[in-house]
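Undergrad: Next up is a structure, given as structure tokens.
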Number of protein chains: 2
Amino acid sequence: MQPLKVIPLGGLGEIGKNMMLLEYGDEGMIIDVGIMFPENDMLGIDYIIPDFGYVVERLAEGLHIRGIVVTHGHEDHTGAIGHVLDSISAPVYATALTAGLLEIKMRQSGHSDHPLIIFRAGDTLDLGVFQVETFHVCHSIPDGVGLGITTPVGLIVHSSDFKFDHTPVDGWPPDFAKLAEFSKRGVLALLSDSTNADNPGWTPSESVIDAAFDEVFRSARGRVIVATFASLISRIQQVASAAERHGRKMAIAGFSMQEYIKVATRLGYLNLPPDVMINIEQANKMPPSKVVIMATGTQGEPSAVLGRLAWGRHRLLEVEHGDTVIMSAHPIPGNEELVHRTMNKLIQRGATVIYDPLLPVHVSGHASREELKLLINLVRPKFFIPVHGELRHLTEHGRLAESLGILPKNIAVVENGTVIELTPDSLTVGERVPGGYVFVDGAGVGDVGPIVMRDREILGRDGFVAVQVLIDRQTRELIEPPEFVSRGFVFLREATELLDAAERLIEEIVATSPDGDLTRTIQDALSRLFYNETKRRPMTFAFVKQI
Amino acid sequence: MQPLKVIPLGGLGEIGKNMMLLEYGDEGMIIDVGIMFPENDMLGIDYIIPDFGYVVERLAEGLHIRGIVVTHGHEDHTGAIGHVLDSISAPVYATALTAGLLEIKMRQSGHSDHPLIIFRAGDTLDLGVFQVETFHVCHSIPDGVGLGITTPVGLIVHSSDFKFDHTPVDGWPPDFAKLAEFSKRGVLALLSDSTNADNPGWTPSESVIDAAFDEVFRSARGRVIVATFASLISRIQQVASAAERHGRKMAIAGFSMQEYIKVATRLGYLNLPPDVMINIEQANKMPPSKVVIMATGTQGEPSAVLGRLAWGRHRLLEVEHGDTVIMSAHPIPGNEELVHRTMNKLIQRGATVIYDPLLPVHVSGHASREELKLLINLVRPKFFIPVHGELRHLTEHGRLAESLGILPKNIAVVENGTVIELTPDSLTVGERVPGGYVFVDGAGVGDVGPIVMRDREILGRDGFVAVQVLIDRQTRELIEPPEFVSRGFVFLREATELLDAAERLIEEIVATSPDGDLTRTIQDALSRLFYNETKRRPMTFAFVKQI
């Protein structure tokens, strides 16, 4: 029997998070099509997409992709849909909310006519050799699903991003029954979310936030500004309910959040009491103690609402003494400095800022260790493949599975682009295919490689100097003084001594050096001069012309 | 009566962390002289020193600095000693270990002859109008002291960086008696460490780490590599003790850690059993199960030992399958991405990586909320000034003090450079003086300002293009094709179409444009072209010459 190939594709550090390929013979299916955001030292990069070159290559060899199943509406699972559809033509499957969010992206990328099939959690999708039973999971966006995929080699369960929330805001608990049923049928392999595999205990339910909101809403004398992710629909619902309970009206600041609210309301995932909702202009006319404002910008993004409030650059709103800002999100690793700066700026403007751990105003959307154990023991898979996490999370998740009795040889901790081959009796870690990530910078996809990145790093650190040197071929004298341009190195207007020294150096080289590579000689001499004088290493370029 | 002025000076975000001035009439004293490390978007900056221009100005007006008291040996309290002594001449006071570390810096900065007076915790320093009673505090480096400063207006208590560790590794608990005595005498103002003011509970004692070490040392089949801060002397002691308990030998990798060990051992703060210590070469010849290696690099610094091990670039050591790496430190906010990358790389090479929260292998050196409350209630000050923390920490610390009955008007939450005036009866927040921070980049101190930083940001994001355009004055034709230099924008060799378009654009401008600012016309047109084609905005420069 030929094996089923499971291939995590792309994701920056996180494995199989953004995209995954299942391949059996010449049939395939894709799970998720997401993007990642660049890390701090990935200068100038807008976002990062999975490297799905392997899929494209296999398509040319006759692979038939039966469907692209998107498990939920977060950017890291939906954001690359346009790029993927540019190269891979297969119907897209999603639940209503996810589809609503995908539609916008498909329209923007010129794929509005592409088939997008809406299903409900619980539905079964017929994707060639793959029978995909979808089941409801709880996460920090509504309408997420996990997948039970019956394949020729056996049943594969994919958890998607999940937590076991017994009291979710939308009242729709996880589908434990379905998981138990899979278990009864016999699960060949479980692919499970590893994001919080190093987090002990059980992730608190979303409902704990209500009490924290009540405490803040009760004691706040002025306006309450709640910042969260635009896609965190349940949090928006919780804030609206708290507003209602405490006799406040609620306004929404931020275009992306308004868009999410529109889609989620239209599709019935959000139910904002109409008499609670007002707009910003109305909010500005009301007594502060009667107002709640919801905003984006919890990651310190300077252009989001909270960032603009912190730096006093919002068109309609201004943070005032007496305002209380709730940071209803955790900083994503790498964003801490910006987030803390934003918080400090808000405090400087007179706001009280409430964040976890001061009060539990945010909870994670991912399962912690006890939940992960529960999933493994509910499903009792033969093989275990931790996904959605960095290598350290997968490793820890693998160890957890081992502690529950899964044999080490039946656990595959792999990196993106690794082919895992499954048969009813075996799990084999096979070859590596390209499966990394691709930088998107402006209009360029993948054209910014390591050399350009290295140059950006050097330019960002020490800047550059360029100089034009025009030489009289006969007299070997400069036709005019060298013209310097420099940025990011020193403030030129204050560096006259340094420029004078550079000029004298060039004159001397021109007068005394034999012909040959005058450009390089000047560049090298200038580099040395700049380093000696400043201990910095700007990139140095000379345009030398003999006339 | 004239007031005592308390002025926090410098610190990047953290208030009064790096330097503080007490000023009474024409007498002053300085507490700490530290540096900070740049945040992720401070491109090219090596480190940051306090802006002590105010002190220099006051010196010129006759202020007499009676002494510089350094509370402990961490970089953020000692690192700027050279810069400070360049401008401010006053005797330096420190305990033996702190002095040992200061000495190295003073030698390196050409101040080895400067008076450095060693005292012991408990000693009283006579600094003009200031009587400074020093008292022992526990922190993540030995021999830290807090200060009880009798001034003409009253007794000021400065906590320095501290935690209340009842079972510290060096067996030297905090000096509660002294704090109680201060309280009995009556404390005018308390300045207290706010670093962990948002952390609930009590910071665990260093001794909890022993159990975690035992667990790892017992189960590790191969080598144990413990990474921590070079200055975390007590942790080095704990690792040596664990090595002894478990029959392992210990080697030190990393120059800075070896230097710290030398100073600490010479001065009696560290007692490494000689039969336990080996060098790296010896360690490489022993069975892995008999070896512990201590290393630096817990913040993911690529050039530190752990970074070199992770990327396979260490001269003597290589991480092998079976090695266990203990991350005995928390990532400093902003370093998470680098730290996580390092951990993932180590796992990729076959190591097991242990970190908090998997096991409690690190504890903070700063007091949490319950300890902060205890200090306030031990000392019962009239006025309270939270220091050492970002504005959000100070604010929270102020709120904490309020909850203990300190009147809001007696609490001063301020920013660096704010003059706080104290009399026996009043606390007044006064004028702002310069008290920010100064960038050190290479040999330049303070010469890199906002313009250079902004240019570095743009260069780092989109790079630059420079072009030389030589025009025949008579024919208005290009003498030769324009010569392009570009870095960080696109990979030039693959951008022939773009360069061709740029060349045609220049030809056209030269042929058709009226005289005038041809340079600007070309630059603007190229910028537009580059943006339209790539959606990037490289800095664009033209050297245009008519000949």
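Every chain in the structure tokens has a letter given in the order shown (A, B, ...), and although residue numbers restart at 1 in each chain, ligands are simply numbered from 1 in the order shown.
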With chain B as the partner and 6 Å as the cut-off, tabulate the residues of chain A that qualify, each row holding the nearest pair of atoms and their distance in Å to one decimal, using only C-alpha atoms, sorted by chain and rising number, as a Markdown table.

TA:
```
| residue | atom | partner | partner_atom | distance |
| --- | --- | --- | --- | --- |
| A:Leu43 | CA | B:Arg461 | CA | 5.0 |
| A:Gly44 | CA | B:Arg461 | CA | 3.6 |
| A:Pro333 | CA | B:Glu336 | CA | 5.9 |
| A:Gly334 | CA | B:Glu337 | CA | 5.6 |
| A:Glu336 | CA | B:Gly334 | CA | 5.8 |
| A:Glu337 | CA | B:Gly334 | CA | 5.6 |
| A:Asn344 | CA | B:Leu391 | CA | 5.5 |
| A:Leu391 | CA | B:Asn344 | CA | 5.5 |
| A:Arg392 | CA | B:Asn344 | CA | 5.6 |
| A:Gly442 | CA | B:Lys535 | CA | 4.5 |
| A:Ala443 | CA | B:Thr534 | CA | 4.9 |
| A:Val452 | CA | B:Gly488 | CA | 4.6 |
| A:Asp455 | CA | B:Gly488 | CA | 5.0 |
| A:Arg456 | CA | B:Gly460 | CA | 4.4 |
| A:Glu457 | CA | B:Gly460 | CA | 5.9 |
| A:Leu459 | CA | B:Gly460 | CA | 5.7 |
| A:Gly460 | CA | B:Gly460 | CA | 4.1 |
| A:Arg461 | CA | B:Gly44 | CA | 3.6 |
| A:Asp462 | CA | B:Gly44 | CA | 6.0 |
| A:Arg487 | CA | B:Asp455 | CA | 5.9 |
| A:Gly488 | CA | B:Arg456 | CA | 4.6 |
| A:Thr534 | CA | B:Ala443 | CA | 5.0 |
| A:Lys535 | CA | B:Gly442 | CA | 4.6 |
| A:Arg536 | CA | B:Gly442 | CA | 5.6 |
```

Undergrad: Keeping only C-alpha atoms, write those residues as a PDB file, in the first residue's frame.

TA:
```
ATOM      1  CA  LEU A  43      14.006  44.663   7.997  1.00  0.00           C
ATOM      2  CA  GLY A  44      11.528  46.022   5.508  1.00  0.00           C
ATOM      3  CA  PRO A 333       6.851  37.697  21.374  1.00  0.00           C
ATOM      4  CA  GLY A 334       8.996  40.338  19.712  1.00  0.00           C
ATOM      5  CA  GLU A 336       7.031  43.647  23.915  1.00  0.00           C
ATOM      6  CA  GLU A 337       9.092  46.818  23.554  1.00  0.00           C
ATOM      7  CA  ASN A 344       3.868  54.089  29.047  1.00  0.00           C
ATOM      8  CA  LEU A 391      10.541  23.310  17.485  1.00  0.00           C
ATOM      9  CA  ARG A 392      10.751  23.800  21.265  1.00  0.00           C
ATOM     10  CA  GLY A 442       6.031  45.608  -1.424  1.00  0.00           C
ATOM     11  CA  ALA A 443       5.217  44.127  -4.802  1.00  0.00           C
ATOM     12  CA  VAL A 452      19.602  42.165   0.326  1.00  0.00           C
ATOM     13  CA  ASP A 455      22.792  44.811   3.244  1.00  0.00           C
ATOM     14  CA  ARG A 456      19.722  46.236   4.962  1.00  0.00           C
ATOM     15  CA  GLU A 457      21.131  45.170   8.299  1.00  0.00           C
ATOM     16  CA  LEU A 459      22.726  50.024   6.237  1.00  0.00           C
ATOM     17  CA  GLY A 460      20.386  50.103   9.231  1.00  0.00           C
ATOM     18  CA  ARG A 461      23.305  49.872  11.620  1.00  0.00           C
ATOM     19  CA  ASP A 462      25.893  52.175  10.069  1.00  0.00           C
ATOM     20  CA  ARG A 487      22.691  58.858   5.321  1.00  0.00           C
ATOM     21  CA  GLY A 488      22.466  56.973   8.595  1.00  0.00           C
ATOM     22  CA  THR A 534      34.146  56.894  14.304  1.00  0.00           C
ATOM     23  CA  LYS A 535      34.453  53.137  14.984  1.00  0.00           C
ATOM     24  CA  ARG A 536      31.543  52.686  12.582  1.00  0.00           C
TER      25      ARG A 536
END
```

Undergrad: Pick out the residues sitting within 9 Å of range 109-112 of chain B, and hand them over as number ranges by chain; count only C-alpha atoms, and ignore anything fewer than 3 positions along from it in its own chain.

TA: B: 81-83, 85-86, 103-106, 115-116

Undergrad: Fewer than 4 positions away in the same chain doesn't count, so skip those; otherwise give me all residues within 7 Å of Tyr54 in chain A, counting only C-alpha atoms, as a ChimeraX atom specification.

TA: /A:58,433-434

Undergrad: Fewer than 4 positions away in the same chain doesn't count, so skip those; otherwise give me all residues within 9 Å of His77 in chain A, counting only C-alpha atoms, as a count of residues only.

TA: 13

Undergrad: Need the shell around Gly67 in chain A: protein/DNA/RNA residues with any atom at most 7 Å away, counting only C-alpha atoms. Skip same-chain ones fewer than 5 positions apart. Format as a PyMOL selection string?

TA: chain A and resi 29-30+90-93+127

Undergrad: Neighbouring residues of range 368-372 of chain B were defined as those with any atom within 10 Å, considering only C-alpha atoms; residues of the same chain fewer than 5 positions away were excluded. Please report them as a compact mmCIF listing (two decimals) with N, CA and C atoms, in the first residue's frame.

TA:
```txt
# COMPACT_ATOMS: atom_id res chain seq x y z
N PHE B 162 16.39 45.08 44.62
CA PHE B 162 16.37 44.15 45.75
C PHE B 162 15.25 43.13 45.63
N LYS B 163 15.40 42.04 46.38
CA LYS B 163 14.30 41.14 46.69
C LYS B 163 14.48 40.69 48.13
N PHE B 164 13.39 40.26 48.77
CA PHE B 164 13.49 39.76 50.14
C PHE B 164 13.65 38.24 50.09
N ASP B 165 14.88 37.80 49.95
CA ASP B 165 15.14 36.36 49.85
C ASP B 165 15.56 35.84 51.22
N SER B 192 11.94 53.20 46.03
CA SER B 192 11.94 51.74 46.00
C SER B 192 11.83 51.18 44.58
N ASP B 193 12.51 50.07 44.39
CA ASP B 193 12.61 49.31 43.13
C ASP B 193 11.25 48.87 42.62
N SER B 194 10.87 49.31 41.43
CA SER B 194 9.53 49.03 40.90
C SER B 194 9.52 47.97 39.79
N THR B 195 10.67 47.39 39.50
CA THR B 195 10.78 46.48 38.33
C THR B 195 9.64 45.47 38.24
N ASN B 196 9.33 44.84 39.37
CA ASN B 196 8.30 43.79 39.38
C ASN B 196 7.01 44.26 40.03
N ALA B 197 6.72 45.54 39.99
CA ALA B 197 5.54 46.06 40.70
C ALA B 197 4.25 45.51 40.12
N ASP B 198 4.30 44.93 38.92
CA ASP B 198 3.07 44.33 38.38
C ASP B 198 3.05 42.82 38.56
N ASN B 199 3.98 42.32 39.34
CA ASN B 199 4.06 40.87 39.55
C ASN B 199 3.46 40.49 40.90
N PRO B 200 2.38 39.69 40.89
CA PRO B 200 1.71 39.37 42.16
C PRO B 200 2.58 38.46 43.03
N GLY B 201 2.29 38.45 44.32
CA GLY B 201 2.93 37.50 45.22
C GLY B 201 4.33 37.89 45.64
N TRP B 202 5.16 36.89 45.83
CA TRP B 202 6.49 37.01 46.40
C TRP B 202 7.46 36.35 45.43
N THR B 203 8.51 36.99 45.05
CA THR B 203 9.48 36.38 44.13
C THR B 203 10.12 35.17 44.82
N PRO B 204 10.14 34.00 44.17
CA PRO B 204 10.70 32.82 44.82
C PRO B 204 12.16 33.02 45.20
N ASN B 377 5.84 48.93 54.48
CA ASN B 377 5.33 48.85 55.84
C ASN B 377 6.43 48.72 56.88
N LEU B 378 7.59 48.18 56.48
CA LEU B 378 8.74 48.14 57.38
C LEU B 378 9.25 49.56 57.61
N GLU B 396 2.00 51.62 39.02
CA GLU B 396 1.42 50.51 39.77
C GLU B 396 1.99 50.48 41.18
N HIS B 397 3.27 50.78 41.30
CA HIS B 397 3.92 50.80 42.61
C HIS B 397 3.33 51.93 43.46
N LEU B 400 0.09 50.82 44.73
CA LEU B 400 0.32 49.87 45.82
C LEU B 400 0.56 50.63 47.12
N ALA B 401 1.39 51.66 47.05
CA ALA B 401 1.70 52.46 48.24
C ALA B 401 0.43 53.13 48.77
```

Undergrad: Would you work out the distance separating CA of Leu422 in chain B from CA of Ser403 in chain B, expressed in Å to one decimal?

TA: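 Separation of CA of Leu422 in chain B and CA of Ser403 in chain B: 22.3 Å.
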